[in-house]
file protein-v7.txt (compact mmCIF, C-alpha atoms)
# COMPACT_ATOMS: atom_id res chain seq x y z
CA MET T 1 151.89 116.12 -15.76
CA ARG T 2 150.50 114.96 -19.08
CA ALA T 3 150.50 117.16 -22.16
CA LEU T 4 150.16 117.06 -25.93
CA VAL T 5 153.52 117.93 -27.45
CA VAL T 6 154.64 118.66 -31.01
CA ASP T 7 155.67 115.57 -32.96
CA HIS T 8 157.40 116.03 -36.31
CA GLY T 9 157.39 112.29 -37.06
CA GLU T 10 154.96 110.23 -39.11
CA ALA T 11 152.84 109.56 -36.04
CA GLY T 12 152.35 113.33 -35.43
CA PRO T 13 151.35 116.10 -35.38
CA VAL T 14 151.03 115.71 -31.59
CA ARG T 15 151.63 112.98 -29.03
CA PHE T 16 151.19 112.58 -25.30
CA ALA T 17 154.21 113.10 -23.06
CA ASP T 18 155.05 113.67 -19.41
CA VAL T 19 156.36 117.21 -19.00
CA ASP T 20 157.45 119.45 -16.13
CA GLU T 21 154.87 121.43 -14.22
CA PRO T 22 154.66 125.03 -15.45
CA VAL T 23 156.17 127.75 -13.26
CA PRO T 24 154.14 130.96 -13.63
CA SER T 25 155.86 134.33 -13.83
CA GLY T 26 154.48 137.32 -11.94
CA ASP T 27 151.83 138.19 -14.53
CA GLU T 28 150.73 134.62 -15.18
CA ALA T 29 147.97 132.59 -13.56
CA LEU T 30 148.17 128.83 -13.14
CA VAL T 31 145.15 127.27 -14.82
CA ASP T 32 143.81 123.75 -14.40
CA ILE T 33 142.83 122.90 -17.99
CA ARG T 34 139.47 121.16 -18.42
CA HIS T 35 138.93 121.44 -22.21
CA ILE T 36 141.12 122.17 -25.22
CA GLY T 37 140.11 123.59 -28.61
CA LEU T 38 141.83 122.33 -31.75
CA ASN T 39 142.67 124.54 -34.73
CA PHE T 40 143.51 123.45 -38.27
CA GLY T 41 146.47 125.80 -38.66
CA GLU T 42 148.44 124.82 -35.59
CA LEU T 43 148.05 121.12 -36.44
CA ASN T 44 148.53 121.25 -40.21
CA TYR T 45 151.59 123.51 -39.99
CA VAL T 46 153.10 121.88 -36.91
CA ASP T 47 156.63 122.22 -38.34
CA GLN T 48 156.50 125.89 -37.31
CA TRP T 49 156.86 124.81 -33.65
CA PRO T 50 159.80 122.95 -32.07
CA ALA T 51 159.47 119.21 -31.56
CA GLY T 52 158.63 118.26 -27.99
CA ALA T 53 157.11 121.63 -27.07
CA VAL T 54 153.72 121.63 -25.36
CA HIS T 55 151.37 122.56 -28.20
CA GLY T 56 148.06 124.36 -28.54
CA HIS T 57 146.73 127.84 -27.93
CA ASP T 58 143.03 127.52 -27.04
CA ALA T 59 141.55 126.00 -23.89
CA ALA T 60 139.33 126.62 -20.89
CA GLY T 61 139.69 125.76 -17.24
CA VAL T 62 139.83 127.04 -13.68
CA VAL T 63 142.42 129.29 -12.05
CA VAL T 64 144.20 127.34 -9.29
CA ARG T 65 146.75 130.07 -8.52
CA ALA T 66 146.21 133.73 -9.28
CA ALA T 67 149.00 135.86 -10.77
CA SER T 68 151.36 137.05 -8.04
CA ASP T 69 151.35 140.63 -9.38
CA GLY T 70 147.65 140.95 -8.57
CA SER T 71 146.51 141.13 -12.19
CA GLY T 72 143.82 138.92 -13.64
CA PRO T 73 141.13 136.75 -12.06
CA PRO T 74 141.35 135.22 -8.58
CA GLU T 75 141.68 131.56 -7.67
CA GLY T 76 138.59 129.53 -8.55
CA THR T 77 137.58 131.65 -11.56
CA ARG T 78 136.49 129.82 -14.70
CA VAL T 79 138.49 131.16 -17.62
CA ALA T 80 138.95 130.85 -21.38
CA LEU T 81 142.42 130.99 -22.98
CA GLY T 82 142.91 132.57 -26.37
CA MET T 83 146.08 132.47 -28.48
CA SER T 84 147.99 131.37 -25.38
CA PRO T 85 150.95 129.05 -26.07
CA HIS T 86 151.43 125.66 -24.39
CA ALA T 87 147.72 125.33 -23.58
CA TRP T 88 147.20 121.63 -24.30
CA ALA T 89 148.28 120.27 -20.95
CA GLU T 90 146.76 119.36 -17.61
CA ARG T 91 147.92 122.74 -16.29
CA ALA T 92 149.16 125.88 -18.00
CA ALA T 93 150.81 129.12 -16.92
CA VAL T 94 148.87 131.81 -18.76
CA SER T 95 149.39 135.55 -19.09
CA THR T 96 146.43 137.30 -17.53
CA ALA T 97 146.25 139.41 -20.71
CA SER T 98 145.18 136.25 -22.55
CA LEU T 99 142.38 135.22 -20.18
CA GLY T 100 138.66 135.86 -20.34
CA THR T 101 136.36 135.19 -17.39
CA VAL T 102 133.62 132.71 -18.32
CA PRO T 103 130.12 133.71 -17.14
CA GLU T 104 128.21 131.07 -15.14
CA SER T 105 125.64 130.69 -17.93
CA VAL T 106 128.32 129.66 -20.46
CA GLU T 107 129.50 126.07 -20.62
CA LEU T 108 133.26 125.83 -20.07
CA ALA T 109 133.60 123.52 -23.07
CA ASP T 110 131.90 126.10 -25.30
CA ALA T 111 134.32 128.75 -24.03
CA ALA T 112 137.23 126.56 -25.16
CA ALA T 113 135.96 126.86 -28.73
CA LEU T 114 136.48 130.64 -28.84
CA GLY T 115 140.19 131.37 -28.83
CA ILE T 116 141.86 131.88 -32.18
CA ALA T 117 138.71 131.39 -34.25
CA GLY T 118 136.43 133.75 -32.35
CA VAL T 119 139.02 136.46 -31.78
CA THR T 120 140.13 136.39 -35.43
CA ALA T 121 136.57 136.80 -36.70
CA LEU T 122 135.85 139.62 -34.26
CA ARG T 123 139.05 141.54 -34.99
CA VAL T 124 138.57 141.42 -38.77
CA LEU T 125 134.93 142.50 -38.58
CA ARG T 126 135.91 145.44 -36.38
CA LYS T 127 138.18 146.82 -39.09
CA ARG T 128 135.26 148.68 -40.66
CA SER T 129 131.54 149.19 -40.26
CA VAL T 130 129.58 146.41 -41.95
CA LEU T 131 126.13 147.79 -41.17
CA ALA T 132 123.91 147.29 -44.25
CA ARG T 133 126.96 146.13 -46.22
CA ASP T 134 127.61 142.89 -48.10
CA VAL T 135 130.04 140.53 -46.37
CA LEU T 136 131.39 137.27 -47.79
CA VAL T 137 132.74 134.59 -45.46
CA THR T 138 134.67 131.80 -47.19
CA GLY T 139 135.20 128.46 -45.52
CA ALA T 140 132.08 129.34 -43.56
CA SER T 141 131.60 125.84 -42.16
CA GLY T 142 134.88 126.04 -40.22
CA GLY T 143 135.53 127.53 -36.80
CA VAL T 144 136.42 131.06 -37.92
CA GLY T 145 133.65 130.93 -40.51
CA HIS T 146 130.93 129.98 -38.03
CA PHE T 147 131.86 132.85 -35.73
CA ALA T 148 132.26 135.31 -38.60
CA VAL T 149 128.79 134.58 -40.03
CA GLN T 150 127.18 135.17 -36.64
CA LEU T 151 129.17 138.29 -35.77
CA ALA T 152 128.69 139.89 -39.19
CA ALA T 153 124.94 139.30 -38.99
CA LEU T 154 124.85 140.77 -35.46
CA ALA T 155 126.62 143.87 -36.84
CA GLY T 156 123.90 144.35 -39.44
CA ALA T 157 125.64 142.95 -42.51
CA ARG T 158 124.08 141.07 -45.39
CA VAL T 159 126.07 137.86 -45.06
CA THR T 160 126.95 135.40 -47.79
CA ALA T 161 128.50 132.13 -46.62
CA LEU T 162 130.67 130.17 -49.03
CA VAL T 163 131.29 126.46 -48.39
CA GLY T 164 133.09 123.72 -50.27
CA SER T 165 130.10 121.42 -50.78
CA PRO T 166 126.33 121.35 -50.15
CA ASP T 167 126.69 119.02 -47.16
CA ARG T 168 128.75 121.70 -45.35
CA ALA T 169 125.98 124.31 -45.62
CA ALA T 170 123.85 122.96 -42.77
CA GLY T 171 122.91 125.49 -40.12
CA LEU T 172 124.54 128.56 -41.67
CA ARG T 173 121.26 130.29 -42.52
CA GLU T 174 120.14 129.82 -38.94
CA LEU T 175 123.35 131.55 -37.82
CA GLY T 176 122.58 134.60 -39.95
CA ALA T 177 123.69 133.93 -43.53
CA GLU T 178 121.22 135.37 -46.06
CA GLN T 179 122.59 133.12 -48.78
CA VAL T 180 124.86 130.07 -48.80
CA LEU T 181 126.92 129.33 -51.92
CA THR T 182 129.24 126.56 -53.03
CA ASP T 183 130.70 128.61 -55.90
CA LEU T 184 131.15 132.29 -56.67
CA ALA T 185 130.71 131.77 -60.40
CA GLY T 186 127.71 133.69 -61.65
CA THR T 187 127.07 135.66 -58.46
CA GLU T 188 126.09 139.25 -59.13
CA CYS T 189 126.75 140.40 -55.59
CA ARG T 190 129.61 142.82 -54.97
CA PHE T 191 131.09 142.42 -51.51
CA ASP T 192 132.33 145.25 -49.31
CA LEU T 193 134.27 142.89 -47.07
CA VAL T 194 135.56 139.37 -47.65
CA LEU T 195 136.86 137.28 -44.74
CA ASP T 196 138.82 134.51 -46.44
CA THR T 197 140.05 131.39 -44.66
CA VAL T 198 140.70 129.29 -47.77
CA GLY T 199 143.27 131.05 -49.98
CA GLY T 200 144.28 129.73 -53.39
CA PRO T 201 142.24 130.39 -56.54
CA LEU T 202 139.28 131.46 -54.41
CA VAL T 203 141.04 134.73 -53.55
CA ALA T 204 141.20 135.70 -57.22
CA GLN T 205 137.53 134.81 -57.63
CA ALA T 206 136.59 136.90 -54.60
CA TRP T 207 138.63 139.80 -55.99
CA SER T 208 136.45 139.78 -59.08
CA SER T 209 133.38 140.06 -56.84
CA LEU T 210 134.79 142.83 -54.64
CA ALA T 211 132.99 146.17 -54.59
CA GLU T 212 134.77 149.51 -55.03
CA GLY T 213 136.51 150.36 -51.77
CA GLY T 214 136.15 146.76 -50.60
CA THR T 215 138.75 144.69 -48.75
CA ILE T 216 139.67 141.02 -48.71
CA HIS T 217 141.10 140.00 -45.34
CA LEU T 218 143.25 136.88 -45.60
CA VAL T 219 143.03 134.97 -42.33
CA GLY T 220 143.94 131.46 -43.51
CA TYR T 221 145.02 129.28 -46.42
CA SER T 222 143.42 125.91 -45.78
CA SER T 223 143.43 125.05 -49.50
CA GLY T 224 147.24 125.02 -49.57
CA GLN T 225 147.06 126.31 -53.15
CA ASP T 226 148.67 129.29 -54.85
CA THR T 227 146.69 132.33 -55.94
CA THR T 228 147.12 133.55 -59.52
CA PHE T 229 145.49 136.75 -60.76
CA PRO T 230 144.75 136.87 -64.51
CA SER T 231 146.42 139.71 -66.36
CA GLY T 232 144.67 143.03 -65.89
CA THR T 233 142.42 142.04 -62.99
CA LEU T 234 144.44 144.02 -60.45
CA PHE T 235 143.86 147.23 -62.40
CA GLY T 236 140.65 149.18 -61.99
CA PHE T 237 138.99 152.55 -61.78
CA GLY T 238 137.04 153.96 -58.84
CA GLU T 239 137.73 153.74 -55.14
CA PRO T 240 140.72 151.44 -54.47
CA ARG T 241 140.17 147.86 -53.49
CA THR T 242 142.62 146.20 -51.10
CA ILE T 243 143.89 142.84 -49.89
CA ALA T 244 144.95 142.76 -46.24
CA THR T 245 146.90 140.10 -44.37
CA TYR T 246 146.11 139.10 -40.81
CA GLY T 247 148.44 138.01 -38.04
CA ASP T 248 147.38 139.89 -34.94
CA MET T 249 148.89 138.13 -31.94
CA THR T 250 148.29 140.89 -29.39
CA PRO T 251 146.67 139.96 -26.03
CA THR T 252 143.14 138.62 -26.37
CA SER T 253 141.52 139.27 -22.99
CA GLY T 254 139.34 142.14 -24.25
CA GLU T 255 137.97 140.26 -27.23
CA LEU T 256 137.40 137.09 -25.21
CA THR T 257 135.42 139.12 -22.67
CA ASP T 258 133.25 140.60 -25.42
CA LEU T 259 132.66 137.23 -27.09
CA LEU T 260 131.83 135.51 -23.79
CA GLY T 261 129.39 138.30 -23.04
CA LEU T 262 127.62 137.69 -26.33
CA MET T 263 127.46 133.98 -25.55
CA ALA T 264 126.03 134.64 -22.08
CA ALA T 265 123.37 136.88 -23.66
CA GLY T 266 122.40 134.11 -26.08
CA ARG T 267 123.49 136.14 -29.12
CA LEU T 268 126.50 133.99 -30.08
CA SER T 269 126.77 130.21 -30.13
CA ALA T 270 129.86 128.04 -30.01
CA PRO T 271 130.30 126.01 -33.21
CA VAL T 272 131.38 122.74 -31.57
CA GLY T 273 131.17 120.14 -34.31
CA LEU T 274 133.02 117.39 -32.43
CA ARG T 275 133.31 116.85 -28.68
CA GLY T 276 135.38 114.04 -27.21
CA ASP T 277 138.13 112.89 -24.84
CA TRP T 278 141.64 114.21 -25.38
CA GLN T 279 142.85 110.59 -25.30
CA ASP T 280 141.19 110.34 -28.74
CA VAL T 281 143.12 113.30 -30.17
CA ASP T 282 144.49 111.24 -33.09
CA ASP T 283 140.96 110.44 -34.29
CA ALA T 284 139.98 114.08 -33.89
CA VAL T 285 142.97 115.27 -35.94
CA ARG T 286 142.14 112.83 -38.72
CA ALA T 287 138.53 114.03 -38.78
CA LEU T 288 139.72 117.64 -38.91
CA PHE T 289 142.11 117.01 -41.81
CA ALA T 290 139.45 115.02 -43.67
CA ARG T 291 137.05 118.02 -43.45
CA LYS T 292 134.53 115.89 -41.57
CA VAL T 293 133.96 118.44 -38.81
CA HIS T 294 131.70 121.48 -39.14
CA GLY T 295 132.95 124.10 -36.71
CA LYS T 296 135.39 123.48 -33.86
CA ILE T 297 136.72 120.41 -32.11
CA VAL T 298 136.69 120.52 -28.30
CA LEU T 299 138.31 117.74 -26.27
CA ASP T 300 137.85 117.13 -22.55
CA VAL T 301 141.01 116.84 -20.46
CA VAL T 302 140.33 113.86 -18.20

call {"tool": "encode", "arguments": {"input": "protein-v7.txt", "output": "structure tokens"}}
result
Amino acid sequence: MRALVVDHGEAGPVRFADVDEPVPSGDEALVDIRHIGLNFGELNYVDQWPAGAVHGHDAAGVVVRAASDGSGPPEGTRVALGMSPHAWAERAAVSTASLGTVPESVELADAAALGIAGVTALRVLRKRSVLARDVLVTGASGGVGHFAVQLAALAGARVTALVGSPDRAAGLRELGAEQVLTDLAGTECRFDLVLDTVGGPLVAQAWSSLAEGGTIHLVGYSSGQDTTFPSGTLFGFGEPRTIATYGDMTPTSGELTDLLGLMAAGRLSAPVGLRGDWQDVDDAVRALFARKVHGKIVLDVV
């Protein structure tokens, strides 16, 4: 079968290759993949995976063989994969703990956009109540950012979306952001929760705008820059402020089910900024790295 595998050469980060058919274990379903969802991290930091391995973690498709242990959905069920390795292939063996059943009213391609981005946003926002609190989402025009803005607004937060340039602000107010900024300089708002996907100097700026008892959750570092805190800024009186890392790789079935339910109810939309054929993956990767895509990239496996 055909698959996108890790390529550490100049032509990378992925290439097409013929690979062996997956052999599911007892708690894995065999899924016919129809759409794959690309993520910046797994493509930009491809050296963290072995060359030649089937790449990718997010996709959607149809179960063609149910798990032999009786867990998970039956044959014929439309499913979304989240944080499931080796997903970018014509077929994938997937742990049933990483599958979410896609409601009939949800497009399968939209379900492929959830995965890492949707689950990350949901898990961070569940760390504390954000009802009537101020939430800052950095890199809000990206996949995680689009989901985080919507979910924070649904939870009753006053949402501020931060983007890198004015042209990346389109649509964020409609998703629930009360204000959209391109710079934190001069803002008087003090945020109770910051979901940061950018890293670098922006983290120090967000720290200066963090309310007493507030937390910055670091979920990405797309800037690739170091963070330097000026002398004295990490000292303060009042309720402690914190910086928390994120790397939760536990099974995603529960969160996918919740997110798909919100989509079916019309309360959450999939931020698909680019849809295409997986044969054009090289063009899609270039567009992703050039910051030309608002939201997620979903490619059809044909």

call {"tool": "residues_around", "arguments": {"input": "protein-v7.txt", "residues": "range 1-14 of chain T", "least_positions_apart": "4", "cutoff": "6 Å", "atoms": "only C-alpha atoms", "output": "list in words"}}
result
Asp18, Val19, Ala51, Gly52, Ala53, Val54, His55, Trp88, Ala89 and Glu90 of chain T

call {"tool": "atom_distance", "arguments": {"input": "protein-v7.txt", "atom1": "CA of Pro24 in chain T", "atom2": "CA of Ala111 in chain T"}}
result
22.5 Å

call {"tool": "atom_distance", "arguments": {"input": "protein-v7.txt", "atom1": "CA of Leu151 in chain T", "atom2": "CA of Val63 in chain T"}}
result
28.6 Å

call {"tool": "residues_around", "arguments": {"input": "protein-v7.txt", "residues": "Leu99 in chain T", "least_positions_apart": "2", "cutoff": "9 Å", "atoms": "all atoms listed in the file", "output": "list in words"}}
result
Gly72, Pro73, Val79, Ala80, Leu81, Gly82, Ser84, Val94, Ser95, Thr96, Ala97, Thr101, Pro251, Thr252, Ser253, Gly254, Leu256 and Thr257 of chain T

call {"tool": "residues_around", "arguments": {"input": "protein-v7.txt", "residues": "range 241-249 of chain T", "least_positions_apart": "3", "cutoff": "12 Å", "atoms": "all atoms listed in the file", "output": "count of residues only"}}
result
52

call {"tool": "residues_around", "arguments": {"input": "protein-v7.txt", "residues": "range 161-176 of chain T", "least_positions_apart": "3", "cutoff": "9 Å", "atoms": "only C-alpha atoms", "output": "ChimeraX atom specification"}}
result
/T:135-142,145-147,149-154,158,179-184,268-269,293-294

call {"tool": "residues_around", "arguments": {"input": "protein-v7.txt", "residues": "Gly76 in chain T", "least_positions_apart": "5", "cutoff": "9 Å", "atoms": "all atoms listed in the file", "output": "number ranges by chain"}}
result
T: 62-66

call {"tool": "atom_distance", "arguments": {"input": "protein-v7.txt", "atom1": "CA of Asp110 in chain T", "atom2": "CA of Gly276 in chain T"}}
result
12.7 Å

call {"tool": "closest_residue", "arguments": {"input": "protein-v7.txt", "among": "T:Leu202, T:Ala287, T:Ile297, T:Leu260", "to": "Gly118 in chain T", "atoms": "all atoms listed in the file"}}
result
T:Leu260

call {"tool": "closest_residue", "arguments": {"input": "protein-v7.txt", "among": "T:Asp47, T:Glu42, T:Asp27, T:Asp32", "to": "Leu288 in chain T", "atoms": "only C-alpha atoms"}}
result
T:Glu42

call {"tool": "closest_residue", "arguments": {"input": "protein-v7.txt", "among": "T:Arg78, T:Arg275, T:Arg91, T:Lys292", "to": "Ala113 in chain T", "atoms": "all atoms listed in the file"}}
result
T:Arg275

call {"tool": "closest_residue", "arguments": {"input": "protein-v7.txt", "among": "T:Ala29, T:Ile36, T:Ala109, T:Ala92", "to": "Asp69 in chain T", "atoms": "all atoms listed in the file"}}
result
T:Ala29
